[in-house]
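To be precise, the following lines are model-v2.cif, and they hold mmCIF, C-alpha atoms and all ligand atoms.
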data_target
#
loop_
_atom_site.group_PDB
_atom_site.id
_atom_site.type_symbol
_atom_site.label_atom_id
_atom_site.label_comp_id
_atom_site.auth_asym_id
_atom_site.auth_seq_id
_atom_site.Cartn_x
_atom_site.Cartn_y
_atom_site.Cartn_z
ATOM 1 C CA MET A 1 -28.026 -7.552 -1.918
ATOM 2 C CA SER A 2 -27.539 -8.835 1.631
ATOM 3 C CA GLU A 3 -27.152 -6.521 4.586
ATOM 4 C CA THR A 4 -23.451 -7.304 4.983
ATOM 5 C CA LYS A 5 -22.772 -6.494 1.333
ATOM 6 C CA GLU A 6 -23.992 -3.003 2.010
ATOM 7 C CA ALA A 7 -21.369 -2.592 4.760
ATOM 8 C CA ASN A 8 -19.763 0.791 4.730
ATOM 9 C CA VAL A 9 -15.967 0.528 4.296
ATOM 10 C CA LYS A 10 -13.792 3.543 4.980
ATOM 11 C CA LEU A 11 -10.125 3.185 4.138
ATOM 12 C CA VAL A 12 -7.853 5.485 6.112
ATOM 13 C CA THR A 13 -4.523 6.036 4.413
ATOM 14 C CA ILE A 14 -1.815 8.526 3.570
ATOM 15 C CA THR A 15 -2.552 11.170 0.917
ATOM 16 C CA ARG A 16 -2.185 10.394 -2.788
ATOM 17 C CA PHE A 17 1.126 10.622 -4.626
ATOM 18 C CA LYS A 18 2.316 11.158 -8.168
ATOM 19 C CA PHE A 19 3.153 8.280 -10.546
ATOM 20 C CA ILE A 20 1.588 5.732 -8.136
ATOM 21 C CA PRO A 21 -1.458 6.227 -5.901
ATOM 22 C CA SER A 22 0.540 5.569 -2.722
ATOM 23 C CA VAL A 23 4.141 4.987 -1.631
ATOM 24 C CA SER A 24 2.655 2.617 0.954
ATOM 25 C CA PRO A 25 2.618 -0.830 -0.667
ATOM 26 C CA PHE A 26 0.141 -1.958 1.993
ATOM 27 C CA SER A 27 -2.367 0.691 0.959
ATOM 28 C CA ILE A 28 -1.979 -0.201 -2.722
ATOM 29 C CA ALA A 29 -2.384 -3.914 -1.954
ATOM 30 C CA LEU A 30 -5.552 -3.288 0.003
ATOM 31 C CA GLU A 31 -7.094 -0.934 -2.528
ATOM 32 C CA THR A 32 -6.175 -3.299 -5.367
ATOM 33 C CA PHE A 33 -7.762 -6.169 -3.461
ATOM 34 C CA MET A 34 -10.996 -4.215 -2.872
ATOM 35 C CA ARG A 35 -11.112 -3.162 -6.499
ATOM 36 C CA VAL A 36 -10.552 -6.684 -7.857
ATOM 37 C CA ALA A 37 -13.088 -8.050 -5.341
ATOM 38 C CA ASN A 38 -15.537 -5.308 -6.319
ATOM 39 C CA ILE A 39 -15.886 -4.040 -2.751
ATOM 40 C CA GLN A 40 -16.990 -0.427 -2.647
ATOM 41 C CA TYR A 41 -15.040 1.830 -0.309
ATOM 42 C CA GLU A 42 -14.516 5.445 0.514
ATOM 43 C CA VAL A 43 -11.127 6.903 1.398
ATOM 44 C CA GLU A 44 -10.091 9.297 4.125
ATOM 45 C CA PHE A 45 -6.641 10.711 3.468
ATOM 46 C CA VAL A 46 -4.490 11.635 6.448
ATOM 47 C CA LYS A 47 -1.068 13.203 6.848
ATOM 48 C CA GLU A 48 0.299 11.267 9.812
ATOM 49 C CA TYR A 49 0.661 7.547 10.549
ATOM 50 C CA THR A 50 -0.061 8.342 14.196
ATOM 51 C CA VAL A 51 -3.717 8.914 13.253
ATOM 52 C CA ASN A 52 -3.990 5.197 13.906
ATOM 53 C CA LYS A 53 -4.232 5.253 17.685
ATOM 54 C CA GLU A 54 -4.106 1.432 17.881
ATOM 55 C CA THR A 55 -0.965 0.532 15.910
ATOM 56 C CA GLY A 56 0.467 3.813 14.612
ATOM 57 C CA GLN A 57 0.403 2.323 11.117
ATOM 58 C CA LEU A 58 -1.480 2.861 7.905
ATOM 59 C CA PRO A 59 -3.608 1.708 6.252
ATOM 60 C CA PHE A 60 -6.541 0.724 8.379
ATOM 61 C CA VAL A 61 -10.256 0.511 7.699
ATOM 62 C CA ILE A 62 -13.389 1.374 9.564
ATOM 63 C CA VAL A 63 -16.128 -1.113 8.701
ATOM 64 C CA ASN A 64 -19.554 -0.300 10.050
ATOM 65 C CA GLY A 65 -17.887 1.777 12.763
ATOM 66 C CA VAL A 66 -15.305 -0.867 13.774
ATOM 67 C CA GLN A 67 -11.582 -0.338 13.162
ATOM 68 C CA VAL A 68 -9.587 -3.169 11.578
ATOM 69 C CA ASN A 69 -5.779 -2.943 11.217
ATOM 70 C CA ASP A 70 -3.203 -4.654 9.012
ATOM 71 C CA SER A 71 -3.720 -5.076 5.288
ATOM 72 C CA ARG A 72 -3.781 -8.882 5.295
ATOM 73 C CA LYS A 73 -6.136 -9.071 8.260
ATOM 74 C CA ILE A 74 -8.354 -6.477 6.590
ATOM 75 C CA MET A 75 -8.464 -8.543 3.382
ATOM 76 C CA SER A 76 -9.540 -11.638 5.358
ATOM 77 C CA HIS A 77 -12.139 -9.628 7.247
ATOM 78 C CA LEU A 78 -13.610 -8.118 4.096
ATOM 79 C CA SER A 79 -13.538 -11.439 2.228
ATOM 80 C CA GLU A 80 -15.654 -12.950 4.967
ATOM 81 C CA LEU A 81 -17.953 -9.958 5.330
ATOM 82 C CA PHE A 82 -18.636 -9.586 1.626
ATOM 83 C CA ASP A 83 -18.485 -13.310 0.922
ATOM 84 C CA VAL A 84 -15.827 -12.952 -1.774
ATOM 85 C CA ASP A 85 -12.794 -15.194 -2.065
ATOM 86 C CA LEU A 86 -10.161 -14.149 -4.573
ATOM 87 C CA ASP A 87 -8.232 -17.306 -3.644
ATOM 88 C CA SER A 88 -11.127 -19.701 -4.268
ATOM 89 C CA GLY A 89 -9.412 -21.189 -7.325
ATOM 90 C CA LEU A 90 -6.201 -22.026 -5.458
ATOM 91 C CA SER A 91 -5.321 -25.546 -4.319
ATOM 92 C CA PRO A 92 -4.210 -26.022 -0.677
ATOM 93 C CA VAL A 93 -0.574 -26.121 -1.840
ATOM 94 C CA GLU A 94 -1.010 -22.953 -3.913
ATOM 95 C CA LYS A 95 -2.487 -21.253 -0.842
ATOM 96 C CA VAL A 96 0.676 -22.058 1.103
ATOM 97 C CA ILE A 97 2.849 -20.738 -1.743
ATOM 98 C CA SER A 98 0.720 -17.588 -1.888
ATOM 99 C CA HIS A 99 1.127 -17.117 1.850
ATOM 100 C CA ALA A 100 4.916 -17.559 1.678
ATOM 101 C CA PHE A 101 5.265 -15.110 -1.238
ATOM 102 C CA GLN A 102 3.219 -12.504 0.611
ATOM 103 C CA ARG A 103 5.332 -12.896 3.748
ATOM 104 C CA MET A 104 8.506 -12.558 1.699
ATOM 105 C CA LEU A 105 7.322 -9.417 -0.060
ATOM 106 C CA ASN A 106 5.754 -7.737 2.975
ATOM 107 C CA GLU A 107 8.337 -8.605 5.591
ATOM 108 C CA PHE A 108 11.563 -8.849 3.617
ATOM 109 C CA THR A 109 11.651 -7.613 0.019
ATOM 110 C CA ARG A 110 9.963 -4.444 1.222
ATOM 111 C CA TRP A 111 12.913 -3.503 3.418
ATOM 112 C CA THR A 112 15.424 -3.982 0.622
ATOM 113 C CA TYR A 113 13.898 -1.212 -1.478
ATOM 114 C CA GLY A 114 12.930 0.718 1.669
ATOM 115 C CA TYR A 115 16.612 0.745 2.556
ATOM 116 C CA TRP A 116 17.477 2.276 -0.805
ATOM 117 C CA ARG A 117 14.678 4.829 -0.427
ATOM 118 C CA TYR A 118 15.163 5.980 3.135
ATOM 119 C CA VAL A 119 18.729 5.049 4.102
ATOM 120 C CA ASP A 120 20.929 4.945 1.010
ATOM 121 C CA GLN A 121 19.362 7.448 -1.410
ATOM 122 C CA PRO A 122 16.696 9.488 0.423
ATOM 123 C CA GLU A 123 17.881 12.684 -1.261
ATOM 124 C CA VAL A 124 17.047 11.093 -4.623
ATOM 125 C CA PHE A 125 13.750 9.646 -3.424
ATOM 126 C CA PHE A 126 12.503 12.837 -1.784
ATOM 127 C CA THR A 127 13.380 15.109 -4.683
ATOM 128 C CA ALA A 128 11.993 12.921 -7.466
ATOM 129 C CA GLY A 129 8.706 14.841 -7.577
ATOM 130 C CA ILE A 130 6.727 11.898 -6.183
ATOM 131 C CA MET A 131 4.974 13.924 -3.502
ATOM 132 C CA ASP A 132 2.331 16.216 -4.825
ATOM 133 C CA THR A 133 2.453 18.333 -1.708
ATOM 134 C CA PRO A 134 5.899 17.679 -0.178
ATOM 135 C CA GLU A 135 5.274 20.021 2.720
ATOM 136 C CA LEU A 136 2.703 17.548 4.037
ATOM 137 C CA TYR A 137 5.533 15.138 4.728
ATOM 138 C CA GLY A 138 7.865 17.738 6.187
ATOM 139 C CA ILE A 139 9.875 17.704 2.951
ATOM 140 C CA SER A 140 11.290 21.086 2.158
ATOM 141 C CA PRO A 141 13.450 21.073 -0.974
ATOM 142 C CA ASP A 142 13.755 24.860 -0.549
ATOM 143 C CA ASP A 143 14.945 24.596 3.057
ATOM 144 C CA PRO A 144 18.085 22.392 2.955
ATOM 145 C CA GLU A 145 18.531 22.399 6.726
ATOM 146 C CA LYS A 146 14.966 21.222 7.425
ATOM 147 C CA MET A 147 15.213 18.737 4.572
ATOM 148 C CA SER A 148 18.422 17.250 5.906
ATOM 149 C CA LYS A 149 16.962 16.919 9.427
ATOM 150 C CA MET A 150 13.937 15.115 8.017
ATOM 151 C CA ILE A 151 16.153 12.786 5.971
ATOM 152 C CA ASP A 152 18.376 12.039 8.981
ATOM 153 C CA ALA A 153 15.347 11.232 11.161
ATOM 154 C CA GLY A 154 13.916 8.907 8.486
ATOM 155 C CA ARG A 155 17.296 7.225 7.968
ATOM 156 C CA LYS A 156 17.683 6.646 11.731
ATOM 157 C CA LYS A 157 14.193 5.154 12.020
ATOM 158 C CA ILE A 158 14.601 2.752 9.083
ATOM 159 C CA LEU A 159 18.105 1.779 10.240
ATOM 160 C CA GLU A 160 16.681 0.892 13.658
ATOM 161 C CA ILE A 161 13.872 -1.169 12.140
ATOM 162 C CA THR A 162 16.067 -2.973 9.601
ATOM 163 C CA ASP A 163 18.707 -3.597 12.253
ATOM 164 C CA CYS A 164 16.155 -5.460 14.384
ATOM 165 C CA GLN A 165 14.703 -7.166 11.326
ATOM 166 C CA GLY A 166 18.233 -8.182 10.322
ATOM 167 C CA VAL A 167 18.552 -7.036 6.747
ATOM 168 C CA GLY A 168 19.934 -3.629 7.762
ATOM 169 C CA ARG A 169 23.040 -5.232 9.253
ATOM 170 C CA LYS A 170 24.319 -6.347 5.857
ATOM 171 C CA PRO A 171 26.382 -4.374 3.349
ATOM 172 C CA LYS A 172 24.034 -2.518 1.032
ATOM 173 C CA GLU A 173 25.061 -4.496 -2.069
ATOM 174 C CA GLU A 174 23.995 -7.643 -0.241
ATOM 175 C CA ILE A 175 20.685 -6.074 0.809
ATOM 176 C CA TYR A 176 19.887 -5.209 -2.799
ATOM 177 C CA LYS A 177 20.943 -8.647 -4.015
ATOM 178 C CA ILE A 178 18.514 -10.238 -1.532
ATOM 179 C CA GLY A 179 15.664 -8.054 -2.834
ATOM 180 C CA MET A 180 16.567 -8.725 -6.433
ATOM 181 C CA ASP A 181 16.787 -12.482 -5.803
ATOM 182 C CA ASP A 182 13.259 -12.343 -4.313
ATOM 183 C CA LEU A 183 12.009 -10.589 -7.425
ATOM 184 C CA LYS A 184 13.831 -12.945 -9.802
ATOM 185 C CA GLY A 185 12.225 -15.906 -8.015
ATOM 186 C CA LEU A 186 8.783 -14.349 -8.396
ATOM 187 C CA SER A 187 9.487 -13.691 -12.060
ATOM 188 C CA VAL A 188 10.405 -17.356 -12.596
ATOM 189 C CA TYR A 189 7.239 -18.478 -10.787
ATOM 190 C CA LEU A 190 5.054 -16.125 -12.837
ATOM 191 C CA GLY A 191 6.626 -17.290 -16.093
ATOM 192 C CA GLU A 192 4.273 -16.812 -19.032
ATOM 193 C CA LYS A 193 1.104 -16.853 -16.902
ATOM 194 C CA PRO A 194 -1.005 -13.674 -16.745
ATOM 195 C CA PHE A 195 -1.248 -13.946 -12.951
ATOM 196 C CA MET A 196 0.664 -15.919 -10.325
ATOM 197 C CA PHE A 197 -1.768 -18.823 -10.286
ATOM 198 C CA GLY A 198 -3.120 -18.680 -13.807
ATOM 199 C CA ASP A 199 -5.734 -16.637 -15.590
ATOM 200 C CA LYS A 200 -7.401 -15.079 -12.554
ATOM 201 C CA ALA A 201 -5.921 -12.515 -10.172
ATOM 202 C CA SER A 202 -5.771 -13.692 -6.564
ATOM 203 C CA ILE A 203 -4.624 -12.018 -3.353
ATOM 204 C CA VAL A 204 -0.926 -12.618 -3.967
ATOM 205 C CA ASP A 205 -1.236 -10.725 -7.261
ATOM 206 C CA CYS A 206 -2.574 -7.683 -5.369
ATOM 207 C CA VAL A 207 0.367 -7.876 -2.971
ATOM 208 C CA LEU A 208 2.977 -8.480 -5.668
ATOM 209 C CA PHE A 209 1.602 -5.562 -7.671
ATOM 210 C CA SER A 210 1.691 -3.284 -4.621
ATOM 211 C CA HIS A 211 5.450 -3.761 -4.278
ATOM 212 C CA LEU A 212 6.301 -3.932 -7.950
ATOM 213 C CA CYS A 213 4.606 -0.647 -8.740
ATOM 214 C CA GLN A 214 6.903 1.024 -6.179
ATOM 215 C CA ILE A 215 9.788 -0.159 -8.335
ATOM 216 C CA VAL A 216 8.404 -0.099 -11.879
ATOM 217 C CA TYR A 217 6.402 3.141 -11.986
ATOM 218 C CA LEU A 218 8.417 5.540 -9.830
ATOM 219 C CA PRO A 219 10.941 7.714 -11.690
ATOM 220 C CA LEU A 220 13.986 6.391 -9.816
ATOM 221 C CA PRO A 221 16.298 5.224 -12.633
ATOM 222 C CA THR A 222 19.271 4.512 -10.354
ATOM 223 C CA MET A 223 17.409 2.117 -8.044
ATOM 224 C CA PRO A 224 19.099 -1.310 -8.403
ATOM 225 C CA HIS A 225 15.797 -3.191 -8.170
ATOM 226 C CA LYS A 226 14.333 -1.115 -10.995
ATOM 227 C CA ILE A 227 17.330 -1.571 -13.259
ATOM 228 C CA MET A 228 17.249 -5.327 -12.669
ATOM 229 C CA VAL A 229 13.476 -5.741 -13.146
ATOM 230 C CA GLU A 230 13.420 -3.666 -16.323
ATOM 231 C CA ASN A 231 16.301 -5.613 -17.824
ATOM 232 C CA GLU A 232 15.885 -9.124 -16.492
ATOM 233 C CA CYS A 233 12.262 -9.547 -15.391
ATOM 234 C CA LYS A 234 10.228 -8.064 -18.197
ATOM 235 C CA ASN A 235 7.342 -10.400 -17.336
ATOM 236 C CA LEU A 236 7.014 -8.559 -13.986
ATOM 237 C CA VAL A 237 6.714 -5.244 -15.805
ATOM 238 C CA ALA A 238 4.018 -6.698 -18.083
ATOM 239 C CA PHE A 239 2.306 -8.162 -15.002
ATOM 240 C CA CYS A 240 2.292 -4.731 -13.383
ATOM 241 C CA ASP A 241 0.681 -3.192 -16.466
ATOM 242 C CA ARG A 242 -1.904 -5.998 -16.467
ATOM 243 C CA MET A 243 -2.819 -5.467 -12.813
ATOM 244 C CA LYS A 244 -2.986 -1.719 -13.301
ATOM 245 C CA ALA A 245 -5.375 -2.149 -16.241
ATOM 246 C CA LEU A 246 -7.472 -4.650 -14.281
ATOM 247 C CA ALA A 247 -7.874 -2.728 -11.038
ATOM 248 C CA TRP A 248 -6.992 0.898 -11.640
ATOM 249 C CA PRO A 249 -8.751 2.352 -14.709
ATOM 250 C CA ASP A 250 -8.568 5.707 -12.912
ATOM 251 C CA TRP A 251 -4.797 5.432 -12.234
ATOM 252 C CA ASP A 252 -3.823 8.417 -14.399
ATOM 253 C CA LYS A 253 -6.536 10.585 -12.881
ATOM 254 C CA LEU A 254 -5.450 9.678 -9.350
ATOM 255 C CA THR A 255 -1.743 10.149 -9.917
ATOM 256 C CA ASN A 256 -1.648 13.383 -11.907
HETATM 257 N N1 LIG A 301 1.575 -5.122 8.546
HETATM 258 C C1 LIG A 301 1.056 -3.825 8.211
HETATM 259 C C2 LIG A 301 2.205 -2.934 7.777
HETATM 260 C C3 LIG A 301 1.770 -1.519 7.529
HETATM 261 C C4 LIG A 301 2.956 -0.580 7.424
HETATM 262 O O1 LIG A 301 4.113 -0.956 7.619
HETATM 263 N N2 LIG A 301 2.650 0.675 7.110
HETATM 264 C C5 LIG A 301 3.687 1.680 7.070
HETATM 265 C C6 LIG A 301 3.502 2.563 5.860
HETATM 266 S S1 LIG A 301 3.925 1.678 4.387
HETATM 267 C C7 LIG A 301 3.578 2.539 8.301
HETATM 268 O O2 LIG A 301 2.504 2.763 8.806
HETATM 269 N N3 LIG A 301 4.708 3.033 8.785
HETATM 270 C C8 LIG A 301 4.778 3.875 9.942
HETATM 271 C C9 LIG A 301 5.328 3.138 11.128
HETATM 272 O O3 LIG A 301 5.470 1.905 11.085
HETATM 273 O O4 LIG A 301 5.629 3.823 12.095
HETATM 274 C C10 LIG A 301 0.007 -3.959 7.095
HETATM 275 O O5 LIG A 301 0.042 -4.958 6.360
HETATM 276 O O6 LIG A 301 -0.874 -3.104 6.984
#
For this file, produce the structure as C-alpha cells.
Ligand SMILES: N[C@@H](CCC(=O)N[C@@H](CS)C(=O)NCC(=O)O)C(=O)O
Amino acid sequence: MSETKEANVKLVTITRFKFIPSVSPFSIALETFMRVANIQYEVEFVKEYTVNKETGQLPFVIVNGVQVNDSRKIMSHLSELFDVDLDSGLSPVEKVISHAFQRMLNEFTRWTYGYWRYVDQPEVFFTAGIMDTPELYGISPDDPEKMSKMIDAGRKKILEITDCQGVGRKPKEEIYKIGMDDLKGLSVYLGEKPFMFGDKASIVDCVLFSHLCQIVYLPLPTMPHKIMVENECKNLVAFCDRMKALAWPDWDKLTN
C-alpha cells in the first residue's frame, strides 16, 4: 500500500441520529462516498457547527493534519489522494449530468425539504424522536418555552437563507412542488437501472442517497416529499435500500 493510501482521515460531523445516521445530507453523502470508495476514516462527533472555525459548517475532514471543507471538495481531494475514481465509468456527458444533478440536490432540492423541516413543520420534525439526545441540540420537549424559542430561531435562520436563495419567497405549496419535480425527474432518469449511470454506484448516487434517506427513512408521514416518493417514485425507495445495503451494513447498529 502506498504512503498516501495510509493517510489518516478524520471526519468531523454532528452526532449520530435515529433512523438515519445523520440529518446532514452532506455528512451522509461524504460517509457513503468513503464507504463505497473503501476509504478508511475515523469520526469525531461534535455538537455545534461552529466547531468549524473556517466555514462554520459541517462536515469537514482533517487529512494528515490538514483541514478540508465542503463535501464535494472533500470527495475530490480524497479521490486524488487515494487514487480512487467512483466516476471512472462515466462518459464526459454523464459527468456533466452528474454534476448538474448534484448541484440541484445540494443547492435547491435540499431547501425544499429543509423548509418543511425547519420553517413549516419544525414542531413535527423536532418531536419525531429523531434525535437520540435532543438536549444536545437545545431541543427541550419538556420545556415548551425553550422549545418554542429554539424553533423560532431555526425558522428565522432558514427563512433568511431561503429568502436569499430565492425558494423561500414562494408559497409553500410551490416550494414543495419544486422539490417533488426534482425528485420525479431523478426517478425518471434512474428508471430501471440499479444506479444512476448503470450497474456501478458513482458519486451522484452517494449524493442522491444522502438526500433521499432524509425523506424515505425518517418517520415524518405528513411530509409532502415523502408521500409523493412513496407513492409515485417507488424506484427511488428501492434505490435507497440498495445504497444502504451497499454502503451501510452497520446502519441499524448506528441508528438504534
Ligand atoms: N456545501 C457544504 C454544505 C454543508 C452544509 O450546509 N452543512 C450544514 C449542515 S447540513 C451546516 O453546516 N449548517 C450550519 C450553517 O450553515 O450555519 C458541503 O457540501 O459540505
Exercise. Extract, using all atoms listed in the file, all DNA, RNA and protein residues at most 10 Å from Pro224 (chain A), discarding same-chain residues fewer than 5 positions from it, and format them as a list in words.
Key: Tyr113, Trp116, Glu173, Tyr176, Lys177, Gly179, Met180, Ile215 and Val229 of chain A
Suppose we keep C-alpha atoms; can you now write the selection as a PDB file, in the coordinates of the input?
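Okay, result.pdb is ready:
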ATOM      1  CA  TYR A 113      13.898  -1.212  -1.478  1.00  0.00           C
ATOM      2  CA  TRP A 116      17.477   2.276  -0.805  1.00  0.00           C
ATOM      3  CA  GLU A 173      25.061  -4.496  -2.069  1.00  0.00           C
ATOM      4  CA  TYR A 176      19.887  -5.209  -2.799  1.00  0.00           C
ATOM      5  CA  LYS A 177      20.943  -8.647  -4.015  1.00  0.00           C
ATOM      6  CA  GLY A 179      15.664  -8.054  -2.834  1.00  0.00           C
ATOM      7  CA  MET A 180      16.567  -8.725  -6.433  1.00  0.00           C
ATOM      8  CA  ILE A 215       9.788  -0.159  -8.335  1.00  0.00           C
ATOM      9  CA  VAL A 229      13.476  -5.741 -13.146  1.00  0.00           C
TER      10      VAL A 229
END
Quiz item: Exactly which residues make up the result of the PyMOL selection byres (((not hetatm)) within 8 of (chain A and resi 301)) on this file, given as a ChimeraX atom specification?
Solution: /A:23-27,49-50,56-60,69-73,106
Exercise. Tell me which residues the PyMOL selection byres (((chain A and resi 254) around 10) and not hetatm) grabs here, as a VMD selection string.
Key: chain A and resid 16 to 22 248 to 253 255 to 256
Practice problem: Can you pull out every residue within 12 Å of Gln121 (chain A), counting all atoms listed in the file, but drop anything in the same chain fewer than 2 positions away, and send it as an MDAnalysis selection string? | Solution: chainID A and resid 113:119 123:128 151:152 154:155 172 220:224
Close residues, Ala7 (chain A) itself excluded, 12 Å, only C-alpha atoms, min 3 positions apart in chain, as an mmCIF file with C-alpha atoms, in the frame of the given file:
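To be explicit, this is the file written out as selection31.cif:
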data_model
loop_
_atom_site.group_PDB
_atom_site.id
_atom_site.type_symbol
_atom_site.label_atom_id
_atom_site.label_comp_id
_atom_site.auth_asym_id
_atom_site.auth_seq_id
_atom_site.Cartn_x
_atom_site.Cartn_y
_atom_site.Cartn_z
ATOM 1 C CA MET A 1 -28.026 -7.552 -1.918
ATOM 2 C CA SER A 2 -27.539 -8.835 1.631
ATOM 3 C CA GLU A 3 -27.152 -6.521 4.586
ATOM 4 C CA THR A 4 -23.451 -7.304 4.983
ATOM 5 C CA LYS A 10 -13.792 3.543 4.980
ATOM 6 C CA ILE A 39 -15.886 -4.040 -2.751
ATOM 7 C CA GLN A 40 -16.990 -0.427 -2.647
ATOM 8 C CA TYR A 41 -15.040 1.830 -0.309
ATOM 9 C CA GLU A 42 -14.516 5.445 0.514
ATOM 10 C CA VAL A 61 -10.256 0.511 7.699
ATOM 11 C CA ILE A 62 -13.389 1.374 9.564
ATOM 12 C CA VAL A 63 -16.128 -1.113 8.701
ATOM 13 C CA ASN A 64 -19.554 -0.300 10.050
ATOM 14 C CA GLY A 65 -17.887 1.777 12.763
ATOM 15 C CA VAL A 66 -15.305 -0.867 13.774
ATOM 16 C CA HIS A 77 -12.139 -9.628 7.247
ATOM 17 C CA LEU A 78 -13.610 -8.118 4.096
ATOM 18 C CA GLU A 80 -15.654 -12.950 4.967
ATOM 19 C CA LEU A 81 -17.953 -9.958 5.330
ATOM 20 C CA PHE A 82 -18.636 -9.586 1.626
ATOM 21 C CA ASP A 83 -18.485 -13.310 0.922
#
Quiz prompt | Result set of the PyMOL selection byres (((chain A and resi 108) around 9) and not hetatm) on the coordinates above, as a PyMOL selection string | solution = chain A and resi 103-107+109-112+165+167+178-179+182
Can you write out as CSV which residues of region 29-115 of chain A fall within 12 Å of region 236-244 of chain A, alongside each residue's closest atom pair and its distance in Å to one decimal, counting only C-alpha atoms and ordering rows by chain and ascending residue number?
residue,atom,partner,partner_atom,distance
A:Ala29,CA,A:Met243,CA,11.0
A:Glu31,CA,A:Lys244,CA,11.6
A:Thr32,CA,A:Met243,CA,8.5
A:Phe33,CA,A:Met243,CA,10.6
A:Arg35,CA,A:Met243,CA,10.7
A:Val36,CA,A:Met243,CA,9.3
Practice problem: Please provide the set of residues having any atom within 7 Å of Thr15 (chain A), restricted to only C-alpha atoms, with same-chain residues fewer than 2 positions apart removed, written as a ChimeraX atom specification. | Solution: /A:13,17,45-47
Exercise. Could you tell me which of A:Val93, A:Leu218, A:Ile203, A:Ile130 comes closest to Ile74 (chain A) if we count all atoms listed in the file?
Key: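 Closest candidate: A:Ile203.
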Around (-9.5, -12.2, -7.9), as given in the file, which residues come within 12 Å? Count all atoms listed in the file and list them as a PDB file with C-alpha atoms, in the frame of the given file.
ATOM      1  CA  THR A  32      -6.175  -3.299  -5.367  1.00  0.00           C
ATOM      2  CA  PHE A  33      -7.762  -6.169  -3.461  1.00  0.00           C
ATOM      3  CA  MET A  34     -10.996  -4.215  -2.872  1.00  0.00           C
ATOM      4  CA  ARG A  35     -11.112  -3.162  -6.499  1.00  0.00           C
ATOM      5  CA  VAL A  36     -10.552  -6.684  -7.857  1.00  0.00           C
ATOM      6  CA  ALA A  37     -13.088  -8.050  -5.341  1.00  0.00           C
ATOM      7  CA  ASN A  38     -15.537  -5.308  -6.319  1.00  0.00           C
ATOM      8  CA  ILE A  39     -15.886  -4.040  -2.751  1.00  0.00           C
ATOM      9  CA  MET A  75      -8.464  -8.543   3.382  1.00  0.00           C
ATOM     10  CA  SER A  79     -13.538 -11.439   2.228  1.00  0.00           C
ATOM     11  CA  VAL A  84     -15.827 -12.952  -1.774  1.00  0.00           C
ATOM     12  CA  ASP A  85     -12.794 -15.194  -2.065  1.00  0.00           C
ATOM     13  CA  LEU A  86     -10.161 -14.149  -4.573  1.00  0.00           C
ATOM     14  CA  ASP A  87      -8.232 -17.306  -3.644  1.00  0.00           C
ATOM     15  CA  SER A  88     -11.127 -19.701  -4.268  1.00  0.00           C
ATOM     16  CA  GLY A  89      -9.412 -21.189  -7.325  1.00  0.00           C
ATOM     17  CA  LEU A  90      -6.201 -22.026  -5.458  1.00  0.00           C
ATOM     18  CA  PHE A 195      -1.248 -13.946 -12.951  1.00  0.00           C
ATOM     19  CA  MET A 196       0.664 -15.919 -10.325  1.00  0.00           C
ATOM     20  CA  PHE A 197      -1.768 -18.823 -10.286  1.00  0.00           C
ATOM     21  CA  GLY A 198      -3.120 -18.680 -13.807  1.00  0.00           C
ATOM     22  CA  ASP A 199      -5.734 -16.637 -15.590  1.00  0.00           C
ATOM     23  CA  LYS A 200      -7.401 -15.079 -12.554  1.00  0.00           C
ATOM     24  CA  ALA A 201      -5.921 -12.515 -10.172  1.00  0.00           C
ATOM     25  CA  SER A 202      -5.771 -13.692  -6.564  1.00  0.00           C
ATOM     26  CA  ILE A 203      -4.624 -12.018  -3.353  1.00  0.00           C
ATOM     27  CA  VAL A 204      -0.926 -12.618  -3.967  1.00  0.00           C
ATOM     28  CA  ASP A 205      -1.236 -10.725  -7.261  1.00  0.00           C
ATOM     29  CA  CYS A 206      -2.574  -7.683  -5.369  1.00  0.00           C
ATOM     30  CA  VAL A 207       0.367  -7.876  -2.971  1.00  0.00           C
ATOM     31  CA  MET A 243      -2.819  -5.467 -12.813  1.00  0.00           C
ATOM     32  CA  LEU A 246      -7.472  -4.650 -14.281  1.00  0.00           C
ATOM     33  CA  ALA A 247      -7.874  -2.728 -11.038  1.00  0.00           C
TER      34      ALA A 247
END
Quiz item: Which value, in Å to one decimal, gives the distance between CA of Gly191 (chain A) and CA of Asn235 (chain A)?
Solution: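 Rounded to one decimal, the two atoms are 7.0 Å apart.
Picture a line from CA of Met150 (chain A) to CA of Pro122 (chain A); it runs 9.8 Å.
Minimum atom-to-atom distances from A:Glu94, A:Glu44, A:Glu174, A:Cys213 to Val12 (chain A) were compared using all atoms listed in the file, and the lowest value belongs to A:Glu44.
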